Amino acid sequence: SWFRPQELLNSLSYRIAKFNVVPYHLFNIVLHFLNTVLVFFFLRLFIKRRPSALGAALFAVHPIHTEAVTWISGRAHLISTFFILATYLLYYRKTTKTYLLSLAIFSYFINRNFSFYAFFPLLIILSDIIFSRWRKGWKLWLPFLLITAFRLITAGYQIQERVVMAASETGRIDGWRNLFFYFVYSVFSHFWLLIWPARLTLYHEPISFYPWAMWLAFIALCILACLLPYIFKKAKSILLGMGIFVLFLAPTYSPFPVANIVAERYIYLPSIFLSILAAFFYERYAEKPQAGRQKWITALFIFIVAAYGLRTVIRNRDWKDAKTLWQATLKSSPYSSGAHNNVGFIYLKEKDINRAIEEFNLAIKLNPRKSDAYNNLAVAYKTMGKTEEAISLYRRAIALNPNYAEAYNNLANIYQNTGKQDESIALYKKAVMLKPDYLEALNNLGVAYKNAGKQEAAIAAHKKAVAINPDYAAAYKNLAVIYYLERDYDLAIKYSDRAIELGYKPDPNFLKLLKPYRKAEDTLKVK
């Protein structure tokens with residue numbers, strides 16, 4: 001996993017500016033720019049230059065992309081889109097070199113992020129069929145299909161893990177779903193957001209619809225199905241765009257839950273459909289200069305691009321900070337359990353405990369399976385000194401989501417504070433097992449081992465934490481304490497100085513204890 005693009009960019013951003021968010025956002029903007037360029041070249045495969053440029057401009061400024069571009073964690077969708085488009089452009093040329101390069105890129109990245117790359121073979125099959133290239137090229141599909149099948153077989157555990165996580169996030173119980181209903185709801189909801197991006201929000205929940213609207217959607221699908229032969233004959237690029245839109249939204253309407261039903265970041269790649277539609281109709285009706293039509297249609301497109309751009313600017317204001325984001329989300333999604341939970345977390349950070357509890361309870365009322373809300377409510381009760389209530393809520397969170405590492409860690413903290421060392425150690429170990437790079441749990445495990453008199457195990461836990469993050473000051477501080485108790489004063493001084501170097505505020509009493517064992521030059525360095 002040393003070269004996963006997202007981790008690589010995060011690591012590079014951290015090396016450049018630590019926790020300054022500027023480079024993180026800058027990398028996302030650069031990725032979005034590169035994707036816009038790739039969208040232009042993608043459109044140029046089927047459409048003329050000017051319409052392709054307008055279609056790419058629409059992609060560049062569309063407000064629905066704010067979630068994927070402005071949200072640092074949305075970078076995964078930018079990266080997957082970049083490599084899917086790049087791989088497709090290489091495959092489309094179908095020379096020996098470009099084919100092998102596309103296969104190599106696909107093979108590499110599907111083994112690191114199979115979620116969207118798994119649909120790439122279906123994209124090239126659909127493309128070759130639509131553009132009548134399948135008779136000569138069908139054999140080229142086989143390596144892609146075999147690699148995908150192998151990856152899906154080996155990713156069984158990750159898929160199951162994602163199903164469990166999606167169920168805990170959305171409150172939907174694992175199991176088969178009404179595929180037709182979710183297909184209609186997802187496709188039409190995302191398409192409407194693409195056309196009319198007025199109500200943008202991080203949480204499009206709960207599911208709400210009018211029965212008559214679903215019937216209209218069903219009728220529209222039937223009409224569209226009847227028109228497919230005509231579209232195949234007259235507008236092949238639009239048919240490909242429809243395929244991309246439906247194909248890459250598949251996780252939202254899969255038979256078992258692996259994703260939210262509607263999310264703006266999911267439509268980043270499928271939004272190419274709108275660019276294809278815009279470019280196709282511009283080419284069809286504006287490229288032929290008839291009675292000044294081109295001037296008026298061009299002006300209309302410029303107006304639409306400008307309007308979408310203005311909406312993007314307004315939407316970005318919602319992402320100014322956590323408080324503005326969650327308040328805007330709650331305003332747009334007043335019945336969202338996730339929005340209430342996160343607004344409650346903001347109040348919790350501001351020490352407004354009563355309002356935080358009110359929001360967490362609302363989140364639980366709206367979604368009784370919201371494990372995060374139970375965990376956060378437990379934190380609030382613990383802050384108020386209501387330990388028993390907090391323990392009960394942590395256990396409820398774990399019962400709803402057995403893979404909830406943070407809840408195990410939080411429950412262990414209570415047991416640690418009440419002197420139940422064995423119980424706390426077991427829970428910390430469970431948290432670390434579920435999340436091996438969970439630094440806080442590893443550090444807490446080391447403290448619990450120390451308190452239980454298991455010094456070697458404590459040292460091992462803290463050293464594992466600093467091996468994962470060499471800049472984790474808390475672990476160095478705890479190592480210094482342990483080595484002091486073990487009378488290894490050189491190591492105690494070494495780790496204490498390292499913690500101070502990383503910004504940890506030292507305990508003056510502990511520094512006094514170390515002072516007699518320092519060399520003269522070390523004493524001057526500390527001063």
# chains A, B, ... in the order shown; residues from 1 in each chain; ligands from 1

call {"tool": "residues_around", "arguments": {"residues": "A:Leu366", "least_positions_apart": "4", "cutoff": "10 Å", "atoms": "only C-alpha atoms", "output": "mmCIF file with all heavy atoms, in the first residue's frame"}}
result
data_model
loop_
_atom_site.group_PDB
_atom_site.id
_atom_site.type_symbol
_atom_site.label_atom_id
_atom_site.label_comp_id
_atom_site.auth_asym_id
_atom_site.auth_seq_id
_atom_site.Cartn_x
_atom_site.Cartn_y
_atom_site.Cartn_z
ATOM 1 N N GLY A 171 -28.378 3.136 8.724
ATOM 2 C CA GLY A 171 -29.455 2.550 9.510
ATOM 3 C C GLY A 171 -30.186 1.443 8.789
ATOM 4 O O GLY A 171 -31.178 0.909 9.289
ATOM 5 N N PRO A 206 -33.753 11.540 5.134
ATOM 6 C CA PRO A 206 -34.100 10.170 4.755
ATOM 7 C C PRO A 206 -34.702 10.126 3.348
ATOM 8 O O PRO A 206 -34.934 11.169 2.733
ATOM 9 C CB PRO A 206 -35.145 9.791 5.807
ATOM 10 C CG PRO A 206 -35.795 11.093 6.148
ATOM 11 C CD PRO A 206 -34.713 12.132 6.073
ATOM 12 N N TYR A 335 -34.438 16.436 8.617
ATOM 13 C CA TYR A 335 -34.777 15.125 9.172
ATOM 14 C C TYR A 335 -33.635 14.125 9.020
ATOM 15 O O TYR A 335 -33.849 12.919 9.062
ATOM 16 C CB TYR A 335 -36.052 14.581 8.508
ATOM 17 C CG TYR A 335 -37.238 15.493 8.687
ATOM 18 C CD1 TYR A 335 -37.722 16.245 7.625
ATOM 19 C CD2 TYR A 335 -37.842 15.640 9.935
ATOM 20 C CE1 TYR A 335 -38.801 17.108 7.791
ATOM 21 C CE2 TYR A 335 -38.921 16.489 10.114
ATOM 22 C CZ TYR A 335 -39.394 17.218 9.038
ATOM 23 O OH TYR A 335 -40.453 18.068 9.212
ATOM 24 N N SER A 336 -32.440 14.638 8.845
ATOM 25 C CA SER A 336 -31.258 13.788 8.693
ATOM 26 C C SER A 336 -30.655 13.469 10.055
ATOM 27 O O SER A 336 -30.249 14.376 10.787
ATOM 28 C CB SER A 336 -30.217 14.483 7.813
ATOM 29 O OG SER A 336 -28.954 13.852 7.927
ATOM 30 N N SER A 337 -30.576 12.205 10.394
ATOM 31 C CA SER A 337 -29.951 11.819 11.659
ATOM 32 C C SER A 337 -28.470 12.172 11.663
ATOM 33 O O SER A 337 -27.925 12.592 12.692
ATOM 34 C CB SER A 337 -30.138 10.319 11.904
ATOM 35 O OG SER A 337 -29.508 9.569 10.888
ATOM 36 N N GLY A 338 -27.816 12.013 10.514
ATOM 37 C CA GLY A 338 -26.398 12.347 10.424
ATOM 38 C C GLY A 338 -26.135 13.820 10.663
ATOM 39 O O GLY A 338 -25.172 14.193 11.344
ATOM 40 N N HIS A 340 -28.042 15.964 12.441
ATOM 41 C CA HIS A 340 -28.261 16.253 13.864
ATOM 42 C C HIS A 340 -27.095 15.729 14.713
ATOM 43 O O HIS A 340 -26.668 16.391 15.671
ATOM 44 C CB HIS A 340 -29.579 15.637 14.335
ATOM 45 C CG HIS A 340 -30.787 16.409 13.923
ATOM 46 N ND1 HIS A 340 -31.140 17.604 14.518
ATOM 47 C CD2 HIS A 340 -31.712 16.182 12.958
ATOM 48 C CE1 HIS A 340 -32.238 18.073 13.942
ATOM 49 N NE2 HIS A 340 -32.609 17.226 12.993
ATOM 50 N N PHE A 360 -28.120 14.805 19.779
ATOM 51 C CA PHE A 360 -27.845 13.372 19.693
ATOM 52 C C PHE A 360 -29.124 12.558 19.874
ATOM 53 O O PHE A 360 -29.338 11.551 19.183
ATOM 54 C CB PHE A 360 -26.810 12.961 20.751
ATOM 55 C CG PHE A 360 -25.446 13.572 20.541
ATOM 56 C CD1 PHE A 360 -24.686 14.002 21.624
ATOM 57 C CD2 PHE A 360 -24.931 13.732 19.270
ATOM 58 C CE1 PHE A 360 -23.437 14.569 21.438
ATOM 59 C CE2 PHE A 360 -23.675 14.300 19.071
ATOM 60 C CZ PHE A 360 -22.938 14.721 20.156
ATOM 61 N N ASN A 361 -29.970 12.978 20.777
ATOM 62 C CA ASN A 361 -31.241 12.273 20.978
ATOM 63 C C ASN A 361 -32.142 12.380 19.750
ATOM 64 O O ASN A 361 -32.848 11.426 19.402
ATOM 65 C CB ASN A 361 -31.957 12.809 22.222
ATOM 66 C CG ASN A 361 -31.417 12.208 23.509
ATOM 67 O OD1 ASN A 361 -31.130 11.013 23.579
ATOM 68 N ND2 ASN A 361 -31.262 13.026 24.539
ATOM 69 N N LEU A 362 -32.124 13.545 19.105
ATOM 70 C CA LEU A 362 -32.887 13.697 17.865
ATOM 71 C C LEU A 362 -32.355 12.764 16.777
ATOM 72 O O LEU A 362 -33.125 12.156 16.024
ATOM 73 C CB LEU A 362 -32.818 15.151 17.385
ATOM 74 C CG LEU A 362 -33.846 16.117 17.960
ATOM 75 C CD1 LEU A 362 -33.496 17.551 17.564
ATOM 76 C CD2 LEU A 362 -35.241 15.756 17.463
ATOM 77 N N LYS A 370 -28.302 4.446 14.545
ATOM 78 C CA LYS A 370 -27.171 5.357 14.317
ATOM 79 C C LYS A 370 -26.150 5.175 15.433
ATOM 80 O O LYS A 370 -26.200 5.838 16.482
ATOM 81 C CB LYS A 370 -27.679 6.800 14.276
ATOM 82 C CG LYS A 370 -26.618 7.829 13.896
ATOM 83 C CD LYS A 370 -26.261 7.740 12.434
ATOM 84 C CE LYS A 370 -25.283 8.832 12.027
ATOM 85 N NZ LYS A 370 -24.828 8.678 10.648
#

call {"tool": "select_by_dssp", "arguments": {"residues": "stretch 213-435 of chain A", "states": "helix (DSSP H, G or I)", "output": "VMD selection string"}}
result
chain A and resid 213 to 234 236 to 247 250 to 253 264 to 267 272 to 285 293 to 318 322 to 332 337 to 349 353 to 366 371 to 383 387 to 400 405 to 417 421 to 434

call {"tool": "residues_around", "arguments": {"residues": "stretch 471-475 of chain A", "least_positions_apart": "3", "cutoff": "9 Å", "atoms": "only C-alpha atoms", "output": "MDAnalysis selection string"}}
result
chainID A and resid 439:440 442:443 446 461:463 465:466 468 478:480 495 498:504

call {"tool": "residues_around", "arguments": {"residues": "A:Ala339", "least_positions_apart": "2", "cutoff": "7 Å", "atoms": "only C-alpha atoms", "output": "compact mmCIF listing (two decimals) with all heavy atoms, in the first residue's frame"}}
result
# COMPACT_ATOMS: atom_id res chain seq x y z
N TYR A 203 -25.98 15.26 3.42
CA TYR A 203 -26.81 14.09 3.72
C TYR A 203 -28.16 14.21 3.02
O TYR A 203 -29.01 15.01 3.42
CB TYR A 203 -27.06 13.96 5.23
CG TYR A 203 -25.85 13.54 6.02
CD1 TYR A 203 -25.38 14.31 7.07
CD2 TYR A 203 -25.17 12.37 5.71
CE1 TYR A 203 -24.28 13.92 7.81
CE2 TYR A 203 -24.05 11.97 6.43
CZ TYR A 203 -23.62 12.76 7.48
OH TYR A 203 -22.52 12.37 8.20
N TRP A 326 -22.28 21.97 8.90
CA TRP A 326 -23.34 21.16 9.50
C TRP A 326 -24.61 21.95 9.71
O TRP A 326 -25.71 21.39 9.64
CB TRP A 326 -22.84 20.53 10.80
CG TRP A 326 -21.70 19.59 10.56
CD1 TRP A 326 -20.45 19.65 11.09
CD2 TRP A 326 -21.71 18.46 9.68
NE1 TRP A 326 -19.68 18.63 10.60
CE2 TRP A 326 -20.42 17.89 9.73
CE3 TRP A 326 -22.66 17.89 8.85
CZ2 TRP A 326 -20.08 16.77 8.99
CZ3 TRP A 326 -22.32 16.77 8.10
CH2 TRP A 326 -21.03 16.22 8.17
N THR A 329 -26.16 21.91 6.35
CA THR A 329 -26.68 20.57 6.08
C THR A 329 -28.00 20.36 6.81
O THR A 329 -28.97 19.83 6.24
CB THR A 329 -25.66 19.50 6.53
OG1 THR A 329 -24.43 19.73 5.85
CG2 THR A 329 -26.17 18.10 6.21
N LEU A 330 -28.05 20.79 8.06
CA LEU A 330 -29.28 20.63 8.84
C LEU A 330 -30.41 21.47 8.26
O LEU A 330 -31.58 21.05 8.27
CB LEU A 330 -29.02 21.04 10.29
CG LEU A 330 -30.09 20.66 11.31
CD1 LEU A 330 -30.32 19.16 11.34
CD2 LEU A 330 -29.68 21.15 12.70
N SER A 336 -32.44 14.64 8.84
CA SER A 336 -31.26 13.79 8.69
C SER A 336 -30.65 13.47 10.06
O SER A 336 -30.25 14.38 10.79
CB SER A 336 -30.22 14.48 7.81
OG SER A 336 -28.95 13.85 7.93
N SER A 337 -30.58 12.21 10.39
CA SER A 337 -29.95 11.82 11.66
C SER A 337 -28.47 12.17 11.66
O SER A 337 -27.92 12.59 12.69
CB SER A 337 -30.14 10.32 11.90
OG SER A 337 -29.51 9.57 10.89
N ASN A 341 -26.59 14.56 14.36
CA ASN A 341 -25.46 13.99 15.10
C ASN A 341 -24.24 14.90 15.01
O ASN A 341 -23.57 15.17 16.02
CB ASN A 341 -25.14 12.61 14.54
CG ASN A 341 -23.95 11.97 15.23
OD1 ASN A 341 -23.93 11.79 16.44
ND2 ASN A 341 -22.93 11.63 14.46
N ASN A 342 -23.96 15.41 13.84
CA ASN A 342 -22.77 16.25 13.66
C ASN A 342 -22.94 17.64 14.24
O ASN A 342 -21.97 18.23 14.75
CB ASN A 342 -22.40 16.31 12.18
CG ASN A 342 -21.78 15.02 11.69
OD1 ASN A 342 -20.70 14.63 12.10
ND2 ASN A 342 -22.49 14.31 10.83
N VAL A 343 -24.15 18.19 14.18
CA VAL A 343 -24.39 19.46 14.86
C VAL A 343 -24.22 19.28 16.36
O VAL A 343 -23.64 20.13 17.06
CB VAL A 343 -25.80 19.99 14.52
CG1 VAL A 343 -26.17 21.17 15.43
CG2 VAL A 343 -25.86 20.44 13.07
